[in-house]
>>> print(open('data31.cif').read())   # mmCIF, C-alpha atoms and all ligand atoms
data_coords
loop_
_atom_site.label_atom_id
_atom_site.label_comp_id
_atom_site.auth_asym_id
_atom_site.auth_seq_id
_atom_site.Cartn_x
_atom_site.Cartn_y
_atom_site.Cartn_z
CA MET N 1 -132.57 22.06 -87.82
CA PRO N 2 -134.57 23.88 -85.14
CA ASP N 3 -133.49 23.31 -81.54
CA ARG N 4 -135.36 20.24 -80.14
CA PHE N 5 -133.34 19.93 -76.93
CA HIS N 6 -136.07 20.92 -74.49
CA GLU N 7 -138.78 18.56 -75.70
CA THR N 8 -139.10 14.82 -76.04
CA ILE N 9 -139.09 13.27 -79.50
CA THR N 10 -141.12 10.20 -80.42
CA LEU N 11 -139.48 7.06 -81.78
CA SER N 12 -142.00 4.31 -82.57
CA GLY N 13 -144.33 5.65 -79.91
CA HIS N 14 -141.60 5.96 -77.26
CA ALA N 15 -140.74 9.40 -75.84
CA MET N 16 -136.99 9.93 -76.11
CA PRO N 17 -134.72 12.80 -75.05
CA GLY N 18 -134.90 15.78 -77.41
CA ALA N 19 -131.08 15.80 -77.71
CA TRP N 20 -131.36 12.57 -79.72
CA ALA N 21 -132.79 14.61 -82.62
CA HIS N 22 -129.30 16.13 -82.90
CA LEU N 23 -126.99 13.44 -81.47
CA LEU N 24 -128.16 10.53 -83.65
CA PRO N 25 -128.14 10.12 -87.45
CA GLU N 26 -131.19 11.73 -89.06
CA ASP N 27 -132.56 8.33 -90.16
CA ALA N 28 -132.82 7.22 -86.52
CA GLN N 29 -136.26 8.86 -86.50
CA TRP N 30 -137.47 6.01 -88.76
CA LEU N 31 -136.25 3.19 -86.50
CA ARG N 32 -139.00 0.69 -85.82
CA LEU N 33 -138.71 -0.28 -82.18
CA PRO N 34 -140.74 -2.85 -80.24
CA ARG N 35 -143.76 -1.52 -78.36
CA GLU N 36 -142.79 -3.34 -75.13
CA ARG N 37 -146.38 -3.75 -74.02
CA PHE N 38 -145.49 -5.55 -70.79
CA ALA N 39 -143.10 -2.91 -69.49
CA ALA N 40 -146.12 -1.12 -68.07
CA CYS N 41 -144.49 1.66 -66.04
CA GLY N 42 -147.87 2.87 -64.73
CA THR N 43 -148.27 -0.30 -62.71
CA CYS N 44 -144.57 -1.33 -62.56
CA PRO N 45 -144.85 -5.13 -62.89
CA PRO N 46 -141.48 -5.79 -61.11
CA VAL N 47 -142.80 -3.98 -58.01
CA GLU N 48 -146.08 -5.91 -58.18
CA LEU N 49 -144.09 -9.14 -58.53
CA GLY N 50 -141.90 -8.20 -55.55
CA ASP N 51 -138.67 -7.85 -57.58
CA PHE N 52 -138.13 -4.09 -57.02
CA SER N 53 -139.00 -1.83 -54.10
CA SER N 54 -141.62 0.81 -54.83
CA SER N 55 -139.26 3.59 -53.70
CA CYS N 56 -136.76 2.61 -56.43
CA ARG N 57 -138.62 0.84 -59.20
CA CYS N 58 -136.03 0.60 -62.02
CA CYS N 59 -134.60 3.98 -60.96
CA GLY N 60 -132.34 2.55 -58.24
CA TYR N 61 -129.15 4.29 -59.32
CA LEU N 62 -127.56 7.69 -59.84
CA PRO N 63 -127.82 8.17 -63.62
CA GLN N 64 -124.65 9.35 -65.34
CA MET N 65 -126.20 12.33 -67.10
CA PRO N 66 -123.76 14.14 -69.41
CA ASN N 67 -122.76 17.72 -68.61
CA PHE N 68 -124.79 19.32 -71.42
CA ALA N 69 -127.95 17.45 -70.33
CA LEU N 70 -127.52 18.86 -66.83
CA GLY N 71 -127.09 22.31 -68.39
CA LEU N 72 -130.29 21.86 -70.37
CA ALA N 73 -132.18 20.69 -67.27
CA LEU N 74 -130.84 23.70 -65.35
CA GLN N 75 -132.71 25.89 -67.84
CA SER N 76 -135.99 24.07 -67.26
CA PRO N 77 -138.43 23.59 -64.37
CA SER N 78 -136.14 20.69 -63.26
CA ARG N 79 -133.43 23.13 -62.19
CA ASP N 80 -133.92 22.73 -58.42
CA ALA N 81 -133.45 18.95 -58.56
CA VAL N 82 -130.20 19.42 -60.52
CA ARG N 83 -129.00 22.08 -58.09
CA GLU N 84 -129.52 19.65 -55.21
CA VAL N 85 -127.38 17.02 -56.90
CA ILE N 86 -124.65 19.58 -57.57
CA ALA N 87 -124.79 20.69 -53.91
CA ALA N 88 -124.51 17.05 -52.79
CA GLY N 89 -121.15 16.85 -54.60
CA HIS N 90 -122.03 14.27 -57.23
CA VAL N 91 -120.96 16.17 -60.33
CA LEU N 92 -117.67 16.28 -62.22
CA PRO N 93 -116.99 18.16 -65.47
CA PHE N 94 -118.17 15.06 -67.41
CA GLY N 95 -121.60 15.38 -65.76
CA LEU N 96 -123.30 13.40 -63.04
CA LEU N 97 -120.89 10.80 -61.69
CA PRO N 98 -121.32 8.91 -58.42
CA SER N 99 -118.66 9.52 -55.77
CA PRO N 100 -116.38 6.55 -54.96
CA ARG N 101 -118.53 5.77 -51.90
CA LEU N 102 -121.83 5.93 -53.77
CA PHE N 103 -120.37 3.85 -56.60
CA ALA N 104 -119.14 1.25 -54.07
CA ASP N 105 -122.62 1.02 -52.50
CA ALA N 106 -124.31 0.74 -55.90
CA ILE N 107 -122.00 -1.97 -57.23
CA ALA N 108 -122.25 -3.96 -53.97
CA THR N 109 -126.04 -3.85 -54.34
CA ASN N 110 -125.81 -5.10 -57.93
CA ALA N 111 -123.35 -7.83 -56.91
CA ALA N 112 -125.85 -9.02 -54.29
CA GLY N 113 -128.62 -9.09 -56.94
CA ARG N 114 -130.49 -6.33 -55.12
CA PHE N 115 -130.72 -3.69 -57.84
CA GLY N 116 -133.93 -1.70 -57.38
CA GLU N 117 -134.34 -2.77 -53.77
CA GLU N 118 -132.29 -0.20 -51.80
CA PRO N 119 -134.35 2.97 -51.18
CA GLU N 120 -131.25 5.03 -50.33
CA LEU N 121 -129.92 4.40 -53.84
CA ALA N 122 -133.09 5.66 -55.56
CA CYS N 123 -132.43 8.24 -58.24
CA PRO N 124 -132.72 11.77 -56.84
CA PHE N 125 -134.82 12.76 -59.88
CA LYS N 126 -137.55 10.20 -59.24
CA HIS N 127 -140.63 11.68 -57.59
CA PRO N 128 -141.27 9.63 -54.42
CA GLU N 129 -145.06 9.47 -54.88
CA THR N 130 -145.86 9.89 -58.57
CA HIS N 131 -142.66 7.96 -59.54
CA GLN N 132 -142.29 10.32 -62.47
CA CYS N 133 -138.87 11.30 -63.78
CA GLY N 134 -138.00 14.91 -62.99
CA VAL N 135 -135.61 15.19 -65.95
CA TYR N 136 -137.55 13.12 -68.46
CA ALA N 137 -136.67 15.14 -71.58
CA TYR N 138 -132.98 15.08 -70.58
CA ARG N 139 -132.57 11.54 -69.21
CA ASN N 140 -129.57 9.50 -70.34
CA SER N 141 -129.33 6.64 -72.83
CA ILE N 142 -129.61 3.92 -70.17
CA CYS N 143 -132.78 5.39 -68.66
CA SER N 144 -134.24 5.88 -72.15
CA THR N 145 -133.71 2.35 -73.43
CA PHE N 146 -134.33 0.19 -70.35
CA PHE N 147 -137.43 -2.00 -70.39
CA CYS N 148 -138.11 -4.65 -67.75
CA SER N 149 -139.76 -6.93 -70.31
CA HIS N 150 -139.27 -7.38 -74.05
CA ASP N 151 -142.06 -8.28 -76.48
CA HIS N 152 -139.51 -9.90 -78.80
CA GLY N 153 -137.39 -11.52 -76.08
CA GLU N 154 -133.61 -11.35 -76.39
CA HIS N 155 -133.75 -10.16 -80.03
CA GLY N 156 -135.74 -7.10 -79.00
CA GLU N 157 -133.37 -6.53 -76.10
CA GLU N 158 -130.43 -6.63 -78.51
CA VAL N 159 -131.98 -3.79 -80.54
CA TRP N 160 -132.40 -1.68 -77.40
CA ASP N 161 -128.83 -2.50 -76.29
CA LEU N 162 -127.47 -1.32 -79.63
CA LEU N 163 -129.54 1.86 -79.46
CA GLN N 164 -128.25 2.42 -75.94
CA GLY N 165 -124.69 1.86 -77.16
CA LEU N 166 -125.16 4.32 -80.03
CA ALA N 167 -126.82 7.06 -77.95
CA GLY N 168 -124.54 6.44 -74.95
CA THR N 169 -121.36 6.62 -77.02
CA ALA N 170 -122.60 9.80 -78.72
CA GLU N 171 -123.60 11.51 -75.47
CA SER N 172 -120.34 10.62 -73.74
CA ALA N 173 -118.23 11.76 -76.74
CA VAL N 174 -120.10 15.07 -77.01
CA ALA N 175 -119.79 15.58 -73.23
CA GLN N 176 -116.00 15.17 -73.53
CA TRP N 177 -115.73 17.37 -76.62
CA VAL N 178 -117.73 20.18 -75.03
CA MET N 179 -115.51 20.22 -71.93
CA GLY N 180 -112.68 21.42 -74.17
CA GLU N 181 -114.93 24.18 -75.50
CA GLN N 182 -115.08 25.53 -71.92
CA GLY N 183 -111.30 25.35 -71.47
CA LEU N 184 -111.36 22.15 -69.42
CA PRO N 185 -110.12 19.43 -71.83
CA ALA N 186 -111.29 15.89 -71.06
CA ARG N 187 -107.72 14.61 -71.47
CA GLU N 188 -106.47 16.86 -68.67
CA VAL N 189 -109.35 15.96 -66.35
CA CYS N 190 -108.74 12.24 -66.98
CA GLU N 191 -105.05 12.70 -66.20
CA ALA N 192 -105.99 14.53 -62.99
CA MET N 193 -108.28 11.61 -62.06
CA ASP N 194 -105.47 9.13 -62.62
CA ALA N 195 -103.24 11.23 -60.39
CA LEU N 196 -105.83 10.89 -57.61
CA ALA N 197 -105.76 7.07 -57.77
CA PRO N 198 -103.70 6.63 -54.56
CA LYS N 199 -106.44 8.41 -52.59
CA VAL N 200 -109.39 6.37 -53.84
CA ALA N 201 -109.28 3.58 -51.25
CA GLY N 202 -109.79 6.15 -48.47
CA TRP N 203 -112.63 7.85 -50.33
CA VAL N 204 -114.55 4.59 -50.69
CA GLU N 205 -114.84 4.56 -46.88
CA ALA N 206 -115.95 8.23 -46.60
CA GLU N 207 -119.63 9.20 -46.55
CA GLY N 208 -121.27 11.51 -49.11
CA GLY N 209 -120.24 13.01 -52.42
CA TRP N 210 -116.83 13.57 -54.00
CA PRO N 211 -114.31 14.90 -51.44
CA SER N 212 -113.25 18.55 -51.74
CA GLU N 213 -109.71 17.50 -52.64
CA ALA N 214 -111.03 15.71 -55.73
CA LEU N 215 -113.42 18.50 -56.71
CA ASP N 216 -110.62 21.09 -56.41
CA ALA N 217 -108.31 19.01 -58.60
CA LEU N 218 -110.89 18.11 -61.24
CA TRP N 219 -112.87 21.33 -61.61
CA GLY N 220 -109.91 23.72 -61.77
CA GLU N 221 -111.01 27.29 -62.34
CA TRP N 222 -114.65 26.23 -62.68
CA ARG N 223 -114.75 25.03 -59.04
CA GLY N 224 -117.73 26.70 -57.35
CA ARG N 225 -119.20 27.64 -60.75
CA GLU N 226 -120.41 24.17 -61.76
CA GLU N 227 -123.89 25.38 -62.67
CA ALA N 228 -122.47 28.01 -65.03
CA PHE N 229 -120.18 25.34 -66.55
CA PHE N 230 -123.08 23.01 -67.33
CA ILE N 231 -125.13 25.81 -68.85
CA ALA N 232 -122.15 26.84 -70.99
CA CYS N 233 -121.81 23.21 -72.14
CA ALA N 234 -125.50 23.14 -73.11
CA GLN N 235 -125.13 26.39 -75.06
CA SER N 236 -122.09 25.09 -76.98
CA VAL N 237 -123.93 21.86 -77.81
CA ILE N 238 -127.01 23.76 -79.00
CA ALA N 239 -124.83 26.00 -81.18
CA GLU N 240 -123.20 22.93 -82.80
CA ARG N 241 -126.43 20.94 -83.05
CA ASP N 242 -126.14 20.17 -86.77
CA GLY N 243 -122.67 18.65 -86.43
CA LEU N 244 -122.93 16.64 -83.23
CA PHE N 245 -122.99 13.16 -84.78
CA ASP N 246 -119.87 14.00 -86.81
CA ILE N 247 -118.15 15.40 -83.73
CA ALA N 248 -119.04 12.26 -81.78
CA SER N 249 -117.93 9.99 -84.65
CA ARG N 250 -114.50 11.58 -84.79
CA TRP N 251 -114.01 11.91 -81.03
CA ILE N 252 -111.33 9.77 -79.39
CA GLN N 253 -112.69 8.79 -75.98
CA ARG N 254 -110.52 9.73 -73.00
CA ASP N 255 -110.42 7.49 -69.94
CA ALA N 256 -108.84 7.35 -66.51
CA PRO N 257 -107.79 3.66 -66.27
CA GLY N 258 -105.49 4.32 -63.30
CA TYR N 259 -108.35 5.78 -61.29
CA ASP N 260 -110.74 3.00 -62.38
CA GLN N 261 -108.24 0.29 -61.42
CA ALA N 262 -107.65 1.87 -57.99
CA LEU N 263 -111.41 2.05 -57.42
CA LYS N 264 -111.82 -1.60 -58.42
CA ASP N 265 -108.95 -2.67 -56.15
CA ALA N 266 -110.59 -0.88 -53.21
CA LEU N 267 -113.79 -2.93 -53.50
CA PRO N 268 -114.60 -6.35 -52.01
CA PRO N 269 -114.15 -9.38 -54.34
CA ALA N 270 -117.90 -9.75 -55.03
CA SER N 271 -118.04 -6.16 -56.29
CA GLN N 272 -114.82 -6.58 -58.28
CA ALA N 273 -116.45 -9.52 -60.07
CA VAL N 274 -119.17 -7.27 -61.52
CA PHE N 275 -116.97 -4.18 -62.06
CA PRO N 276 -117.37 -2.82 -65.62
CA GLN N 277 -114.51 -3.54 -67.99
CA ILE N 278 -111.75 -0.97 -67.53
CA ALA N 279 -110.91 0.92 -70.72
CA ASP N 280 -107.13 0.45 -70.59
CA GLY N 281 -106.61 0.24 -74.34
CA SER N 282 -106.65 -3.59 -74.40
CA ALA N 283 -110.10 -3.77 -76.01
CA GLU N 284 -111.08 -1.90 -79.15
CA ARG N 285 -114.10 0.41 -78.98
CA VAL N 286 -116.82 -0.08 -81.57
CA PRO N 287 -116.88 3.08 -83.74
CA LEU N 288 -120.12 5.05 -83.78
CA ASP N 289 -120.70 4.42 -87.51
CA GLU N 290 -120.40 0.68 -86.96
CA LEU N 291 -122.83 0.79 -84.01
CA TRP N 292 -125.32 2.60 -86.22
CA TYR N 293 -124.89 -0.03 -88.95
CA LEU N 294 -125.30 -2.91 -86.46
CA LEU N 295 -128.41 -1.29 -85.01
CA GLN N 296 -130.02 -0.96 -88.44
CA LEU N 297 -129.23 -4.61 -89.25
CA ALA N 298 -130.70 -5.85 -85.94
CA GLU N 299 -133.79 -3.68 -86.36
CA ARG N 300 -134.39 -4.93 -89.90
CA SER N 301 -134.01 -8.55 -88.88
CA LEU N 302 -136.41 -8.05 -85.94
CA TRP N 303 -139.31 -7.35 -88.28
CA GLN N 304 -138.49 -9.84 -91.02
CA ILE N 305 -141.46 -12.01 -92.00
CA PRO N 306 -140.72 -14.92 -94.36
CA PHE N 307 -143.57 -14.19 -96.81
CA GLY N 308 -144.29 -17.13 -99.09
CA GLU N 309 -143.53 -19.70 -96.37
CA GLU N 310 -146.01 -21.83 -94.48
CA VAL N 311 -145.95 -21.59 -90.71
CA ARG N 312 -147.94 -23.10 -87.86
CA LEU N 313 -148.17 -23.05 -84.09
CA VAL N 314 -145.19 -24.82 -82.56
CA GLN N 315 -145.74 -28.44 -81.60
CA GLY N 316 -147.09 -28.85 -78.06
CA ALA N 317 -148.14 -25.20 -77.65
CA ARG N 318 -150.87 -24.79 -75.03
CA ILE N 319 -153.13 -21.80 -74.61
CA GLU N 320 -154.49 -21.94 -71.09
CA GLY N 321 -156.94 -19.96 -68.98
CA GLU N 322 -156.34 -17.58 -66.13
CA PRO N 323 -153.02 -18.22 -64.41
CA SER N 324 -153.16 -18.30 -60.63
CA SER N 325 -149.69 -17.31 -59.44
CA ASP N 326 -148.13 -15.13 -62.17
CA ARG N 327 -149.53 -11.62 -61.74
CA LEU N 328 -147.96 -10.08 -64.83
CA PRO N 329 -150.81 -10.87 -67.26
CA ILE N 330 -153.35 -9.57 -64.75
CA LEU N 331 -151.49 -6.29 -64.44
CA VAL N 332 -151.60 -5.55 -68.13
CA GLY N 333 -155.34 -6.12 -68.33
CA GLY N 334 -157.04 -8.39 -70.83
CA ALA N 335 -154.08 -10.69 -71.40
CA ARG N 336 -155.18 -13.27 -68.87
CA ARG N 337 -154.27 -16.32 -70.86
CA THR N 338 -150.90 -17.91 -71.30
CA LEU N 339 -149.34 -19.52 -74.32
CA GLN N 340 -146.80 -22.09 -73.20
CA PHE N 341 -144.45 -24.18 -75.28
CA THR N 342 -140.96 -25.62 -75.29
CA GLY N 343 -138.64 -23.38 -77.27
CA GLU N 344 -135.05 -23.91 -78.37
CA GLU N 345 -133.80 -22.79 -74.97
CA GLY N 346 -136.44 -24.29 -72.69
CA GLU N 347 -139.95 -23.52 -71.49
CA VAL N 348 -141.46 -20.28 -72.83
CA THR N 349 -144.54 -18.49 -71.49
CA LEU N 350 -146.13 -15.67 -73.48
CA TYR N 351 -149.20 -13.62 -72.63
CA PRO N 352 -151.32 -13.17 -75.75
CA THR N 353 -154.29 -10.82 -75.68
CA PRO N 354 -157.74 -12.25 -76.51
CA ALA N 355 -157.38 -10.93 -80.10
CA GLU N 356 -153.96 -12.58 -80.40
CA CYS N 357 -155.37 -15.85 -79.05
CA ALA N 358 -158.00 -15.77 -81.81
CA ALA N 359 -155.29 -15.12 -84.41
CA LEU N 360 -153.06 -17.88 -83.01
CA ALA N 361 -155.95 -20.35 -83.31
CA LEU N 362 -155.65 -19.97 -87.11
CA PHE N 363 -152.16 -21.42 -86.90
CA GLU N 364 -153.33 -24.74 -85.47
CA GLN N 365 -153.40 -25.48 -89.22
CA PRO N 366 -150.46 -24.45 -91.46
CA GLN N 367 -150.93 -20.95 -92.91
CA LEU N 368 -149.21 -19.42 -95.92
CA LEU N 369 -147.67 -16.07 -94.98
CA GLY N 370 -149.08 -13.64 -97.54
CA GLU N 371 -151.75 -11.10 -98.41
CA ALA N 372 -154.64 -13.59 -98.10
CA LEU N 373 -153.65 -14.34 -94.51
CA LEU N 374 -153.28 -10.64 -93.68
CA ASN N 375 -156.87 -10.10 -94.88
CA LEU N 376 -158.49 -12.74 -92.65
CA PRO N 377 -160.80 -11.17 -89.99
CA ALA N 378 -158.83 -12.68 -87.06
CA ILE N 379 -155.69 -10.99 -88.39
CA THR N 380 -157.20 -7.64 -89.39
CA ALA N 381 -158.72 -7.45 -85.87
CA LEU N 382 -155.19 -7.12 -84.45
CA ASP N 383 -153.74 -3.67 -83.70
CA GLU N 384 -150.54 -4.43 -85.60
CA PRO N 385 -150.87 -7.62 -87.71
CA ARG N 386 -147.31 -7.57 -89.08
CA GLU N 387 -145.87 -6.88 -85.64
CA PHE N 388 -147.89 -9.80 -84.27
CA LEU N 389 -146.45 -12.14 -86.90
CA ALA N 390 -142.89 -10.92 -86.43
CA GLU N 391 -143.13 -11.18 -82.65
CA PHE N 392 -144.59 -14.70 -82.46
CA LEU N 393 -142.23 -15.96 -85.17
CA ARG N 394 -139.28 -14.40 -83.34
CA ARG N 395 -140.33 -15.91 -80.01
CA GLY N 396 -140.63 -19.38 -81.58
CA ALA N 397 -144.41 -19.72 -81.11
CA LEU N 398 -144.93 -19.88 -84.87
CA VAL N 399 -142.57 -22.14 -86.82
CA ALA N 400 -141.97 -23.05 -90.45
CA VAL N 401 -143.81 -26.16 -91.56
S1 LIG H 501 -133.17 10.11 -64.49
FE1 LIG H 501 -135.36 9.65 -64.52
S2 LIG H 501 -135.55 7.68 -65.62
FE2 LIG H 501 -133.40 7.94 -65.02
S3 LIG H 501 -133.19 6.85 -63.07
FE3 LIG H 501 -133.66 9.01 -62.60
S4 LIG H 501 -135.89 9.13 -62.40
FE4 LIG H 501 -135.39 7.20 -63.42
#
>>> encode(input="data31.cif", output="structure tokens", more="lines below")
Ligand code: SF4
Amino acid sequence: MPDRFHETITLSGHAMPGAWAHLLPEDAQWLRLPRERFAACGTCPPVELGDFSSSCRCCGYLPQMPNFALGLALQSPSRDAVREVIAAGHVLPFGLLPSPRLFADAIATNAAGRFGEEPELACPFKHPETHQCGVYAYRNSICSTFFCSHDHGEHGEEVWDLLQGLAGTAESAVAQWVMGEQGLPAREVCEAMDALAPKVAGWVEAEGGWPSEALDALWGEWRGREEAFFIACAQSVIAERDGLFDIASRWIQRDAPGYDQALKDALPPASQAVFPQIADGSAERVPLDELWYLLQLAERSLWQIPFGEEVRLVQGARIEGEPSSDRLPILVGGARRTLQFTGEEGEVTLYPTPAECAALALFEQPQLLGEALLNLPAITALDEPREFLAEFLRRGALVAV
């Protein structure tokens, strides 16, 4: 396959990192993902609603970019931004990894429910004025799959979570594998991290990036040549591009549980409560093949339409005019009406477009799901009739009679 690493690829209309063309199974290109119409990054609804600060938006963290992605970005116009992060001491052989101090600040912010509100934690790759991502084609799996709103609610979010798990597991496995290709095996670096555990409490108090003592111990002979290391990682990954999913599937993930536990112990109780689970061997990891299978199942079920059944608008559903306090529908333009009803888990508010309101009006009477329905003018007027049906069925607005 030709090298796609330096361009974005399109999955269901979403621009994804080019590395995914090589890291994920070939059939991932056919995944049908939700459009996520309300995650309108151009206007950033959470900023307009006062949930995030404009200087952060949803980029209020230091993304853990894998080593080979940094190496790719270093060979692109983004190289200066990556060089600055390297100079600030936030890189280890795995890739971008926040120093103990930066991690402590970030997790304290999350524990206080203030993610996206601390300007000093804004991602260094986010442009302060245009808000564009400086490493867009190389961004990590979390950045690529995060949406602040989900057209299909929690079911759509589950599909994105599984895709994030698949891509994240693959990128982390390949990052560890490629370290060995440069003579710096992940197992040895993890052991060196564990050996540094007694020092971590002191580092949490210190300002800035990783202390020199840690960088000396973890980078070995590559210390001072980090840029060359990342570029070498990118070259090895490009050379093995046709076998990356197999490499990632076979890879046994290395961890540094001693270091992680020491870091957790050094944090205040509120931060400890939201500390990620430590990989100490007590919990089994989901294999990559199984993640791929689960993702395909969830994606298929997302779009299932029970053809042959009669459905109607849920009892008590109300389509109302312009809302006064909720700004989200105003931001997305056109969708100024709300559809409100009581779902299985409480009150639900959706924001149908005028065309969707006209289609929903059909369902005030029971409608048989089939070709005749799909040919009605109110349905053919929709951009994506089948997606409309799947979405409103999934959200509980349309129910079986
Ligand atoms: S890498 Fe890009 S998308 Fe990810 S947090 Fe930074 S600016 Fe945002």
>>> residues_near_ligand(input="data31.cif", ligand="ligand LIG 501 (chain H)", cutoff="8 Å", atoms="all atoms listed in the file", output="PyMOL selection string")
chain N and resi 58-63+65+122-127+131-136+138-140+142-144
>>> closest_residue(input="data31.cif", among="N:Val274, N:Ala372, N:Ala355, N:Leu360", to="Ala108 (chain N)", atoms="all atoms listed in the file")
N:Val274
>>> residues_near_point(input="data31.cif", point="(-113.5, -5.9, -59.9)", cutoff="12 Å", atoms="all atoms listed in the file", output="PyMOL selection string")
chain N and resi 104+107-108+111+260-278
>>> closest_residue(input="data31.cif", among="N:Pro257, N:Pro66, N:Gly281, N:Pro211", to="Gln176 (chain N)", atoms="all atoms listed in the file")
N:Pro66
>>> residues_around(input="data31.cif", residues="region 160-169 of chain N", least_positions_apart="6", cutoff="6 Å", atoms="all atoms listed in the file", output="JSON, numbers by chain")
{"N": [141, 145, 291, 295]}
>>> decode(input="data31.cif", residues="region 163-176 of chain N", atoms="N, CA, C and O atoms", output="mmCIF file, in the first residue's frame")
data_model
loop_
_atom_site.group_PDB
_atom_site.id
_atom_site.type_symbol
_atom_site.label_atom_id
_atom_site.label_comp_id
_atom_site.auth_asym_id
_atom_site.auth_seq_id
_atom_site.Cartn_x
_atom_site.Cartn_y
_atom_site.Cartn_z
ATOM 1 N N LEU N 163 -13.656 2.680 18.836
ATOM 2 C CA LEU N 163 -12.683 3.064 17.799
ATOM 3 C C LEU N 163 -11.438 3.670 18.459
ATOM 4 O O LEU N 163 -10.309 3.396 18.047
ATOM 5 N N GLN N 164 -11.673 4.469 19.495
ATOM 6 C CA GLN N 164 -10.536 5.034 20.221
ATOM 7 C C GLN N 164 -9.694 3.933 20.866
ATOM 8 O O GLN N 164 -8.468 3.953 20.834
ATOM 9 N N GLY N 165 -10.382 2.936 21.445
ATOM 10 C CA GLY N 165 -9.669 1.818 22.062
ATOM 11 C C GLY N 165 -8.843 1.053 21.036
ATOM 12 O O GLY N 165 -7.691 0.699 21.278
ATOM 13 N N LEU N 166 -9.428 0.822 19.863
ATOM 14 C CA LEU N 166 -8.732 0.076 18.808
ATOM 15 C C LEU N 166 -7.507 0.864 18.321
ATOM 16 O O LEU N 166 -6.380 0.348 18.301
ATOM 17 N N ALA N 167 -7.742 2.122 17.936
ATOM 18 C CA ALA N 167 -6.632 2.933 17.395
ATOM 19 C C ALA N 167 -5.594 3.222 18.483
ATOM 20 O O ALA N 167 -4.388 3.196 18.227
ATOM 21 N N GLY N 168 -6.082 3.478 19.712
ATOM 22 C CA GLY N 168 -5.153 3.795 20.811
ATOM 23 C C GLY N 168 -4.291 2.602 21.168
ATOM 24 O O GLY N 168 -3.080 2.739 21.402
ATOM 25 N N THR N 169 -4.891 1.415 21.206
ATOM 26 C CA THR N 169 -4.115 0.213 21.529
ATOM 27 C C THR N 169 -3.086 -0.037 20.424
ATOM 28 O O THR N 169 -1.927 -0.381 20.697
ATOM 29 N N ALA N 170 -3.517 0.150 19.166
ATOM 30 C CA ALA N 170 -2.589 -0.090 18.048
ATOM 31 C C ALA N 170 -1.453 0.933 18.078
ATOM 32 O O ALA N 170 -0.281 0.565 17.916
ATOM 33 N N GLU N 171 -1.767 2.199 18.321
ATOM 34 C CA GLU N 171 -0.682 3.198 18.263
ATOM 35 C C GLU N 171 0.290 3.010 19.430
ATOM 36 O O GLU N 171 1.505 3.148 19.266
ATOM 37 N N SER N 172 -0.230 2.633 20.589
ATOM 38 C CA SER N 172 0.673 2.439 21.726
ATOM 39 C C SER N 172 1.530 1.174 21.542
ATOM 40 O O SER N 172 2.724 1.158 21.862
ATOM 41 N N ALA N 173 0.940 0.106 20.978
ATOM 42 C CA ALA N 173 1.711 -1.126 20.737
ATOM 43 C C ALA N 173 2.813 -0.873 19.700
ATOM 44 O O ALA N 173 3.967 -1.294 19.882
ATOM 45 N N VAL N 174 2.463 -0.180 18.625
ATOM 46 C CA VAL N 174 3.459 0.081 17.577
ATOM 47 C C VAL N 174 4.558 1.001 18.127
ATOM 48 O O VAL N 174 5.749 0.814 17.833
ATOM 49 N N ALA N 175 4.170 1.961 18.974
ATOM 50 C CA ALA N 175 5.178 2.859 19.570
ATOM 51 C C ALA N 175 6.163 2.053 20.423
ATOM 52 O O ALA N 175 7.373 2.305 20.417
ATOM 53 N N GLN N 176 5.655 1.053 21.149
ATOM 54 C CA GLN N 176 6.555 0.240 21.980
ATOM 55 C C GLN N 176 7.414 -0.675 21.110
ATOM 56 O O GLN N 176 8.609 -0.844 21.367
#
